[in-house]
Amino acid sequence: MKWLVVVSALLALGCTCRKGELAEAPVGEEHRHAEGHEELPKSLKLSAEEQARAGIRTAKVKRMALAAMVVLTGELVAQPDRTAQLSSTTPGRLEQVSFNEGSVVKRGDVLATVRVPDVGRLRGAFAAASSRARASRANAERLTALKTSGLGSEQAVVDAEADARAQEAEARALGEQLSAIGANADSGSGFLVALRAPLSGVVVRRDAVVGQPINAEHVLATIIDLSEVWFLGRVFEKDLAKLKVGERAEVELNAFPGEHFHGTVDYVSQQIDPTARTLTARVRIVNEAQRLRLGLFGRAHVEVSDGKTGTPQLVVPRDAVVDLGGKPVVFVKEPDGDFVMHEVLPGDAAMDDVQLLSGVNEGEEVVSAGAFTLKSLLLKSTLTEDE
């Protein structure tokens with residue numbers, strides 16, 4: 001029993017010592033070792049050549065009021081004149097399909113081939129009419145030559161000319177029928193008709209299976225030219241007087257947070273929706289990178305020309321503010337050429353500018369183009385130090 005008491009006391013003493021050792025360890029030391037890197041540097045120095053290569057440009061911090069804005073909610077739609085449907089003008093059966101959803105096509109590309117029984121009959125009639133027209137024309141020319149030499153009559157020439165014109169008109173009409181259904185006059189093509197893309201764009205819908213019967217009402221494909229799209233935004237009655245055609249607009253979509261797509265207001269509808277009590281404003285946007293998709297929802301910020309809004313504040317270009325470690329920062333160019341990182345507090349934003357409530361002083365030069373490059377260089381230098 002005494003031996004057990006001694007062992008228990010020794011164990012208790014050992015536990016107490018270990019707890020004491022842990023208590024003496026500085027708080028947060030393990031965390032610092034686990035991170036394995038120091039804070040980001042606050043400044044960078046670039047040569048003139050490096051600044052030119054990075055496209056660095058600066059702008060002065062100004063004190064001004066932001067332009068008045070009207071915010072419209074809406075979505076992207078296709079332009080009607082840049083949308084087309086592919087279908088056959090005559091009943092037939094699909095022989096071949098050479099496109100899928102997402103295929104990029106050019107105007108005139110053969111997208112499908114249709115077997116049409118009536119094509120053979122039309123081609124035969126066209127060939128016969130063409131032969132008769134050539135024979136009639138040759139006869140008219142022969143009789144004209146005889147009349148010129150005094151061996152023919154005027155009436156014979158008139159009758160031959162009339163017959164030649166009639167035969168040529170019939171051949172022309174049959175040729176136009178073939179063209180209307182997308183077939184050429186070459187009898188060697190058999191009963192096949194090629195369906196061609198009516199415009200250049202992207203196939204956004206396909207309803208075509210080889211072997212299926214089709215008619216003129218069957219839409220095989222929908223093709224849209226997405227190089228330019230419309231943003232249709234809702235305008236409330238209170239904002240109608242401010243909004244004018246030709247105003248600049250900046251569209252921000254839910255699918256691309258933080259990105260802005262520029263356009264102009266080119267139409268405001270003439271009739272109010274009686275249910276929602278709103279009108280529709282159309283913003284034309286050039287889809288340069290082909291990233292915009294139909295139906296994307298978002299907001300359009302339209303700059304209106306009815307003066308400024310709010311009191312003057314310190315303002316910098318919107319592109320000067322970048323996110324670094326979850327905090328908004330700008331890079332200030334010092335007189336010695338260094339670029340110093342300043343943490344800022346953004347306020348309201350307008351078309352191209354944003355208010356800064358703290359972090360900079362009026363007259364300082366901030367990087368308005370190339371701030372993302374400076375951010376990347378800071379992160380890169382931290383990784384190099386860690387290595």
# chains A, B, ... in the order shown; residues from 1 in each chain; ligands from 1

$ select_by_dssp --residues "region 76-319 of chain A" --states "alpha helix (DSSP H)" --output "ChimeraX atom specification"
/A:117-148,154-180,237-240

$ write_last_selection --atoms "C-alpha atoms" --output "PDB file, in the first residue's frame"
ATOM      1  CA  PRO A 117     -38.319  13.730-103.445  1.00  0.00           C
ATOM      2  CA  ASP A 118     -39.620  16.804-105.324  1.00  0.00           C
ATOM      3  CA  VAL A 119     -36.103  17.971-106.143  1.00  0.00           C
ATOM      4  CA  GLY A 120     -35.659  15.342-108.845  1.00  0.00           C
ATOM      5  CA  ARG A 121     -38.866  16.404-110.564  1.00  0.00           C
ATOM      6  CA  LEU A 122     -37.924  20.084-110.422  1.00  0.00           C
ATOM      7  CA  ARG A 123     -34.417  19.447-111.739  1.00  0.00           C
ATOM      8  CA  GLY A 124     -35.831  17.442-114.649  1.00  0.00           C
ATOM      9  CA  ALA A 125     -38.345  20.162-115.495  1.00  0.00           C
ATOM     10  CA  PHE A 126     -35.630  22.806-115.260  1.00  0.00           C
ATOM     11  CA  ALA A 127     -33.321  20.879-117.579  1.00  0.00           C
ATOM     12  CA  ALA A 128     -36.100  20.411-120.164  1.00  0.00           C
ATOM     13  CA  ALA A 129     -37.149  24.062-119.991  1.00  0.00           C
ATOM     14  CA  SER A 130     -33.537  25.192-120.356  1.00  0.00           C
ATOM     15  CA  SER A 131     -33.109  23.025-123.469  1.00  0.00           C
ATOM     16  CA  ARG A 132     -36.281  24.428-125.027  1.00  0.00           C
ATOM     17  CA  ALA A 133     -35.183  27.970-124.205  1.00  0.00           C
ATOM     18  CA  ARG A 134     -31.808  27.471-125.884  1.00  0.00           C
ATOM     19  CA  ALA A 135     -33.461  25.964-129.000  1.00  0.00           C
ATOM     20  CA  SER A 136     -35.998  28.790-129.211  1.00  0.00           C
ATOM     21  CA  ARG A 137     -33.291  31.414-128.866  1.00  0.00           C
ATOM     22  CA  ALA A 138     -31.199  29.777-131.581  1.00  0.00           C
ATOM     23  CA  ASN A 139     -34.239  29.684-133.890  1.00  0.00           C
ATOM     24  CA  ALA A 140     -34.961  33.369-133.253  1.00  0.00           C
ATOM     25  CA  GLU A 141     -31.359  34.294-134.067  1.00  0.00           C
ATOM     26  CA  ARG A 142     -31.508  32.203-137.287  1.00  0.00           C
ATOM     27  CA  LEU A 143     -34.723  33.853-138.464  1.00  0.00           C
ATOM     28  CA  THR A 144     -33.318  37.297-137.644  1.00  0.00           C
ATOM     29  CA  ALA A 145     -30.309  36.570-139.843  1.00  0.00           C
ATOM     30  CA  LEU A 146     -32.569  35.410-142.704  1.00  0.00           C
ATOM     31  CA  LYS A 147     -34.675  38.561-142.433  1.00  0.00           C
ATOM     32  CA  THR A 148     -31.554  40.702-142.546  1.00  0.00           C
ATOM     33  CA  GLU A 154     -40.790  40.108-140.055  1.00  0.00           C
ATOM     34  CA  GLN A 155     -43.660  38.096-138.554  1.00  0.00           C
ATOM     35  CA  ALA A 156     -41.556  34.928-138.299  1.00  0.00           C
ATOM     36  CA  VAL A 157     -38.902  36.827-136.350  1.00  0.00           C
ATOM     37  CA  VAL A 158     -41.484  38.315-133.962  1.00  0.00           C
ATOM     38  CA  ASP A 159     -43.051  34.891-133.308  1.00  0.00           C
ATOM     39  CA  ALA A 160     -39.646  33.294-132.704  1.00  0.00           C
ATOM     40  CA  GLU A 161     -38.586  36.070-130.262  1.00  0.00           C
ATOM     41  CA  ALA A 162     -41.813  35.670-128.294  1.00  0.00           C
ATOM     42  CA  ASP A 163     -41.382  31.907-128.061  1.00  0.00           C
ATOM     43  CA  ALA A 164     -37.742  32.265-126.959  1.00  0.00           C
ATOM     44  CA  ARG A 165     -38.657  34.745-124.216  1.00  0.00           C
ATOM     45  CA  ALA A 166     -41.446  32.478-122.954  1.00  0.00           C
ATOM     46  CA  GLN A 167     -39.186  29.424-122.808  1.00  0.00           C
ATOM     47  CA  GLU A 168     -36.450  31.414-121.013  1.00  0.00           C
ATOM     48  CA  ALA A 169     -38.975  32.745-118.459  1.00  0.00           C
ATOM     49  CA  GLU A 170     -40.164  29.215-117.696  1.00  0.00           C
ATOM     50  CA  ALA A 171     -36.592  27.978-117.206  1.00  0.00           C
ATOM     51  CA  ARG A 172     -35.835  30.962-114.970  1.00  0.00           C
ATOM     52  CA  ALA A 173     -38.891  30.293-112.790  1.00  0.00           C
ATOM     53  CA  LEU A 174     -37.937  26.641-112.299  1.00  0.00           C
ATOM     54  CA  GLY A 175     -34.370  27.661-111.424  1.00  0.00           C
ATOM     55  CA  GLU A 176     -35.693  30.099-108.796  1.00  0.00           C
ATOM     56  CA  GLN A 177     -37.837  27.328-107.291  1.00  0.00           C
ATOM     57  CA  LEU A 178     -34.738  25.179-106.929  1.00  0.00           C
ATOM     58  CA  SER A 179     -32.835  28.067-105.327  1.00  0.00           C
ATOM     59  CA  ALA A 180     -35.710  28.760-102.934  1.00  0.00           C
ATOM     60  CA  GLU A 237     -41.234  56.220 -63.491  1.00  0.00           C
ATOM     61  CA  LYS A 238     -39.324  58.446 -61.055  1.00  0.00           C
ATOM     62  CA  ASP A 239     -36.099  57.906 -63.040  1.00  0.00           C
ATOM     63  CA  LEU A 240     -37.532  58.366 -66.530  1.00  0.00           C
TER      64      LEU A 240
END

$ select_by_dssp --residues "region 20-249 of chain A" --states "strand (DSSP E)" --output "NGL selection string"
:A and (43-44 or 57-60 or 62-78 or 83-87 or 92-97 or 104-105 or 110-115 or 192-196 or 201-206 or 213-214 or 219-224 or 228-236 or 248-249)

$ closest_residue --among "A:Ser88, A:Thr58, A:Asn215, A:Thr83" --to "Gly363 (chain A)" --atoms "only C-alpha atoms"
A:Thr58

$ atom_distance --atom1 "CA of Gln290 (chain A)" --atom2 "CA of Thr113 (chain A)"
29.5 Å

$ closest_residue --among "A:Leu232, A:Leu374, A:Leu379, A:Val71" --to "Asp266 (chain A)" --atoms "only C-alpha atoms"
A:Leu232
